[in-house]
Amino acid sequence: MEEVRNSGSKFFCGFYFYPSLLALILVPLYIYCLPPGLPPYRDSGEMACAAWTLGIAHQPGYPLYIILAKLFSLIPLGNPAWRLNLFSAAAGLAGVFVFWRFASRSFSPLAAFFAALTLGFNFTLRTVSSVPEMYALNFFFACLLLAVAIAPWDEDETSTARMFLAAFLLGFGMTNRMDLLLAAPAVLILLWPVIKANGPVSLVKATGFALLGFSLYLYLLVRSSGNPLFDWSHPAEFKTFLAVITRKSYGSTLDLISRNYPAGALFLPGLKYYALHLWENFTLALFFCLAGIYWEWRSNRRRCLAIAALFVFSGPVFIFMANMPPNPHSLAIVEPYYLLPDLALAVWAAAGFFYLAGLFPKALLPLAFAFLLAAGAVCYNGAYGAQRRLLFAAEDYAADVARTAPPGSVIVGKKDVQLFSLWYMQAVEGRRPDLQLVAQGLSGAPWYNASAKLYRPGLTLFNLNSGGEKDWAAFRAANSGGFYATMDAELPRGVPARAVGLLNELYSGAGALPPGLWDYYSLGRLNPAYRDFFDRDIGTSYSQALLARAVARNSAGALDAAGVAELRLARRFDADIPEAPLYEGFYHSGRGDWAAAGACFRESIDVFERLLLLSEKYYSLPAAKQEILFASAYAWLNYGVSLEKRGDAVGAEQAYSFALSRKPELAEAHFNLAVLYWGRDFARVRHELDETLRLNPGHAGAVRYLEQISNK
């Protein structure tokens with residue numbers, strides 16, 4: 001076995017050659033691909049703000065990340081967000097090198113090199129290693145735990161030092177992310193000889209070391225008592241502190257989305273998408289994984305069971321518990337959690353190469369080439385999406401919102417990326433301190449209100465999340481200055497709004513047309529070809545702003561050719577907004593160009609139909625599917641009008657009927673059918689007009705036509 005272990009060293013240059021080669025390949029790649037500033041990714045803006053101000057992030061607070069990121073941010077390199085991105089890159093790379101270290105001692109330096117290279121090219125690892133979030137640091141601690149728990153082949157397996165160190169690292173690492181606990185079963189299996197040799201007393205001592213590491217959570221108690229700017233849930237009291245670290249006040253599941261589905265209902269779709277992730281991030285290396293599982297079971301059964309436990313608990317078991325629908329948003333939320341089971345696969349891949357090289361020493365070159373080919377395929381698969389060097393979307397979005405809002409304005413935001421980008425602009429960059437930023441989802445929380453009284457004493461908050469029109473009106477009346485909401489904010493139906501730049505101006509007066517957009521936008525640096533869900537979501541905000549302007553101008557009869565160009569730009573930033581071609585169709589129909597109008601209405605229909613198919617694929621909730629069905633009825637209705645105007649009565653009738661199948665209470669479709677049958681079948685005309693008035697008793701056209709029939 002020793003001869004097999006050193007076969008890689010005979011083939012190449014020795015033990016220290018491989019980490020140097022890894023560094024030469026991965027370090028420049030990771031640094032080169034870093035975003036230049038704040039990336040539009042999940043909670044990046046919030047975590048950057050909490051780290052920069054030494055505050056408290058959302059549950060469970062993430063104290064280890066906050067403290068380490070703050071220390072790293074003091075290094076005078078680039079802007080604050082880039083430093084935090086660099087910290088994540090350092091954590092992800094450190095995890096890869098720790099993996100190589102323990103895999104090289106368990107197997108061989110060459111086997112560990114190929115597995116580490118593939119792991120380093122992993123798209124998910126490269127993603128989380130380029131954003132100011134906790135996931136890369138969590139990956140590092142998972143690698144460190146395995147490095148400590150897997151006994152080197154030349155050391156005593158019964159040493160308690162490894163157990164105590166592993167216990168401390170587990171508790172300490174959980175102050176960064178709690179899901180590190182999913183690695184505990186693997187650690188227990190690996191340390192079983194220690195536990196067996198030293199008895200249950202050693203477990204009690206190990207628990208003490210774990211609690212010692214876990215005690216870093218006390219940072220929340222101490223720091224919250226000082227009322228920092230970011231003080232999520234204000235865990236200054238012990239009862240609140242416990243609710244925060246157990247996420248009791250934040251939801252017991254991975255995301256509140258999962259509560260809408262029966263337990264385990266989305267397990268198989270979740271497994272399917274994880275399998276696709278594995279193929280993209282391991283490709284041919286999966287065959288080495290299979291070989292590794294087989295030979296590990298024969299050669300080192302305990303280690304095989306431990307790595308299997310890591311894979312099962314952090315992979316299938318986690319996917320079952322998460323129970324998330326397979327839509328782009330949910331998949332983007334779940335994706336960082338794939339790194340722990342990916343780590344297990346990387347161990348087996350190293351094992352597979354090691355054992356195959358030992359069994360077939362003459363095939364070492366072909367095996368090395370095959371693994372290198374697999375690593376290259378993984379790098380190629382993620383080459384475009386992981387390149388964020390020119391990604392300015394989040395900071396450009398915040399700058400464009402700032403251009404829109406007059407001094408002293410109140411701005412209500414809803415979605416994480418958009419809202420947190422504004423937080424970062426104000427709290428870290430120090431720009432536009434005059435703006436009163438309000439988180440709609442937090443506006444009813446007592447701790448958020450208390451924090452606002454300290455830092456925004458002139459701001460009076462109301463519950464804008466579950467409250468209705470009266471709460472919004474009271475909020476407007478209680479605060480001075482301009483009153484705005486971001487495009488992602490959810491407004492009650494009765495709140496008047498008009499599009500201004502990237503914002504909706506609320507209670508601005510009736511009849512006012514939106515001003516021009518181009519003074520507000522930094523469109524030159526927005527790339528519509530987004531890869532990540534959160535990147536695309538920023539583009540959606542621009543699309544919604546362009547669309548809102550067109551809707552307002554169409555209602556006033558002022559939609560012009562320039563507005564049509566803006567609608568087409570909206571489609572470039574988000575191809576899944578069916579209203580954009582719909583309103584272009586209105587423009588053409590208003591000018592009698594029914595061929596162009598019909599093409600636009602048909603395009604809108606195609607988008608709706610695609611969204612319906614996606615709603616099935618993504619296991620969307622019935623209410624969401626119904627909303628798409630109802631909205632699509634209007635596209636079918638207008639498409640029918642365009643066909644009728646061009647003399648296609650049969651096609652028009654089919655379109656009107658299809659509109660009614662989507663929304664049976666659509667009175668206008670019945671009226672259009674009545675017009676279509678006028679002069680051909682007055683019994684059918686009367687029936688359709690009766691249906692029109694049943695659904696809309698005030699329909700003037702139906703009343704007029706019924707009078708004409710009665711006079712015949």
# chains A, B, ... in the order shown; residues from 1 in each chain; ligands from 1
call {"tool": "residues_around", "arguments": {"residues": "segment 570-582 of chain A", "least_positions_apart": "5", "cutoff": "6 Å", "atoms": "only C-alpha atoms", "output": "ChimeraX atom specification"}}
result
/A:528,539-540,543,546,600-601,604,607
call {"tool": "residues_around", "arguments": {"residues": "Val334 of chain A", "least_positions_apart": "6", "cutoff": "10 Å", "atoms": "only C-alpha atoms", "output": "list in words"}}
result
Leu254, Asp255, Gly270, Tyr274, Phe318, Ile319, Ala322, Asn323, Met324, Pro326 and Pro328 of chain A
call {"tool": "write_last_selection", "arguments": {"atoms": "C-alpha atoms", "output": "mmCIF file, in the first residue's frame"}}
result
data_model
loop_
_atom_site.group_PDB
_atom_site.id
_atom_site.type_symbol
_atom_site.label_atom_id
_atom_site.label_comp_id
_atom_site.auth_asym_id
_atom_site.auth_seq_id
_atom_site.Cartn_x
_atom_site.Cartn_y
_atom_site.Cartn_z
ATOM 1 C CA LEU A 254 -34.900 26.516 5.273
ATOM 2 C CA ASP A 255 -37.231 29.058 3.740
ATOM 3 C CA GLY A 270 -34.849 18.154 -5.486
ATOM 4 C CA TYR A 274 -28.864 17.828 -7.328
ATOM 5 C CA PHE A 318 -31.187 17.882 3.746
ATOM 6 C CA ILE A 319 -33.029 18.045 0.408
ATOM 7 C CA ALA A 322 -35.663 21.641 2.804
ATOM 8 C CA ASN A 323 -38.646 20.603 0.633
ATOM 9 C CA MET A 324 -38.088 23.471 -1.780
ATOM 10 C CA PRO A 326 -37.386 23.520 -8.122
ATOM 11 C CA PRO A 328 -34.846 29.389 -10.070
#
call {"tool": "atom_distance", "arguments": {"atom1": "atom CA of Gly481 of chain A", "atom2": "atom CA of Val410 of chain A"}}
result
6.8 Å
call {"tool": "closest_residue", "arguments": {"among": "A:Phe168, A:Trp232, A:Phe139, A:Phe17", "to": "Pro336 of chain A", "atoms": "only C-alpha atoms"}}
result
A:Phe139
call {"tool": "residues_around", "arguments": {"residues": "Leu373 of chain A", "least_positions_apart": "4", "cutoff": "8 Å", "atoms": "only C-alpha atoms", "output": "CSV table (one decimal) with C-alpha atoms, in the first residue's frame"}}
result
chain,number,residue,atom,x,y,z
A,284,LEU,CA,-16.3,12.0,-15.7
A,369,PHE,CA,-5.5,12.4,-18.3
A,377,ALA,CA,-15.0,20.0,-18.2
call {"tool": "residues_around", "arguments": {"residues": "segment 649-653 of chain A", "least_positions_apart": "6", "cutoff": "12 Å", "atoms": "only C-alpha atoms", "output": "tab-separated table (two decimals) with N, CA and C atoms, in the first residue's frame"}}
result
chain	number	residue	atom	x	y	z
A	598	GLY	N	-50.94	42.12	-33.87
A	598	GLY	CA	-51.16	40.68	-33.68
A	598	GLY	C	-49.88	39.95	-33.35
A	636	TRP	N	-54.96	36.74	-24.98
A	636	TRP	CA	-55.78	36.02	-25.96
A	636	TRP	C	-56.91	36.90	-26.49
A	637	LEU	N	-57.51	37.69	-25.61
A	637	LEU	CA	-58.60	38.58	-26.01
A	637	LEU	C	-58.12	39.57	-27.08
A	638	ASN	N	-56.99	40.21	-26.83
A	638	ASN	CA	-56.48	41.20	-27.77
A	638	ASN	C	-55.96	40.55	-29.05
A	639	TYR	N	-55.43	39.35	-28.92
A	639	TYR	CA	-55.00	38.63	-30.12
A	639	TYR	C	-56.22	38.32	-31.00
A	640	GLY	N	-57.34	37.98	-30.35
A	640	GLY	CA	-58.57	37.74	-31.11
A	640	GLY	C	-59.03	38.99	-31.85
A	641	VAL	N	-58.93	40.15	-31.20
A	641	VAL	CA	-59.31	41.41	-31.86
A	641	VAL	C	-58.45	41.64	-33.10
A	642	SER	N	-57.13	41.39	-32.98
A	642	SER	CA	-56.24	41.60	-34.13
A	642	SER	C	-56.60	40.66	-35.28
A	643	LEU	N	-56.99	39.42	-34.96
A	643	LEU	CA	-57.38	38.48	-36.01
A	643	LEU	C	-58.70	38.92	-36.66
A	659	ALA	N	-59.75	32.70	-24.37
A	659	ALA	CA	-59.67	33.69	-23.29
A	659	ALA	C	-60.69	33.37	-22.20
A	660	LEU	N	-61.89	32.96	-22.61
A	660	LEU	CA	-62.92	32.61	-21.62
A	660	LEU	C	-62.57	31.34	-20.86
A	669	ALA	N	-64.77	39.36	-23.52
A	669	ALA	CA	-64.68	38.27	-24.50
A	669	ALA	C	-66.07	37.91	-25.00
A	670	HIS	N	-67.07	37.86	-24.10
A	670	HIS	CA	-68.45	37.60	-24.54
A	670	HIS	C	-68.94	38.71	-25.46
A	671	PHE	N	-68.63	39.95	-25.11
A	671	PHE	CA	-69.06	41.07	-25.96
A	671	PHE	C	-68.43	40.98	-27.35
A	672	ASN	N	-67.15	40.65	-27.41
A	672	ASN	CA	-66.48	40.53	-28.72
A	672	ASN	C	-67.08	39.40	-29.55
A	673	LEU	N	-67.49	38.31	-28.88
A	673	LEU	CA	-68.15	37.22	-29.62
A	673	LEU	C	-69.49	37.68	-30.16
A	674	ALA	N	-70.18	38.51	-29.38
A	674	ALA	CA	-71.46	39.04	-29.86
A	674	ALA	C	-71.26	39.89	-31.11
A	675	VAL	N	-70.25	40.73	-31.09
A	675	VAL	CA	-69.94	41.56	-32.25
A	675	VAL	C	-69.56	40.69	-33.45
A	676	LEU	N	-68.80	39.63	-33.16
A	676	LEU	CA	-68.35	38.74	-34.23
A	676	LEU	C	-69.53	38.06	-34.93
A	677	TYR	N	-70.61	37.75	-34.16
A	677	TYR	CA	-71.77	37.03	-34.73
A	677	TYR	C	-72.87	37.98	-35.19
A	678	TRP	N	-72.64	39.26	-35.05
A	678	TRP	CA	-73.67	40.22	-35.46
A	678	TRP	C	-73.98	40.06	-36.96
A	680	ARG	N	-75.18	37.47	-38.33
A	680	ARG	CA	-75.12	36.06	-38.74
A	680	ARG	C	-75.99	35.17	-37.86
call {"tool": "closest_residue", "arguments": {"among": "A:Leu613, A:Ile150, A:Leu242, A:Ala398", "to": "Ile628 of chain A", "atoms": "only C-alpha atoms"}}
result
A:Leu613
call {"tool": "residues_around", "arguments": {"residues": "Pro193 of chain A", "least_positions_apart": "2", "cutoff": "12 Å", "atoms": "only C-alpha atoms", "output": "PyMOL selection string"}}
result
chain A and resi 149-151+156-160+162-163+187-191+195-199+202+302-303
call {"tool": "closest_residue", "arguments": {"among": "A:Gln708, A:Thr460, A:Asn504, A:Ser88", "to": "Ser129 of chain A", "atoms": "only C-alpha atoms"}}
result
A:Ser88
call {"tool": "closest_residue", "arguments": {"among": "A:Phe354, A:Leu689, A:Asn176, A:Cys143", "to": "Arg704 of chain A", "atoms": "only C-alpha atoms"}}
result
A:Leu689
call {"tool": "atom_distance", "arguments": {"atom1": "atom CA of Asn281 of chain A", "atom2": "atom CA of Phe140 of chain A"}}
result
18.3 Å
call {"tool": "select_by_dssp", "arguments": {"residues": "segment 477-677 of chain A", "states": "strand (DSSP E or B)", "output": "list in words"}}
result
Phe483, Tyr484, Ala485, Thr486, Ala497, Arg498, Ala499, Val500, Leu503, Asn504, Glu505 and Leu506 of chain A
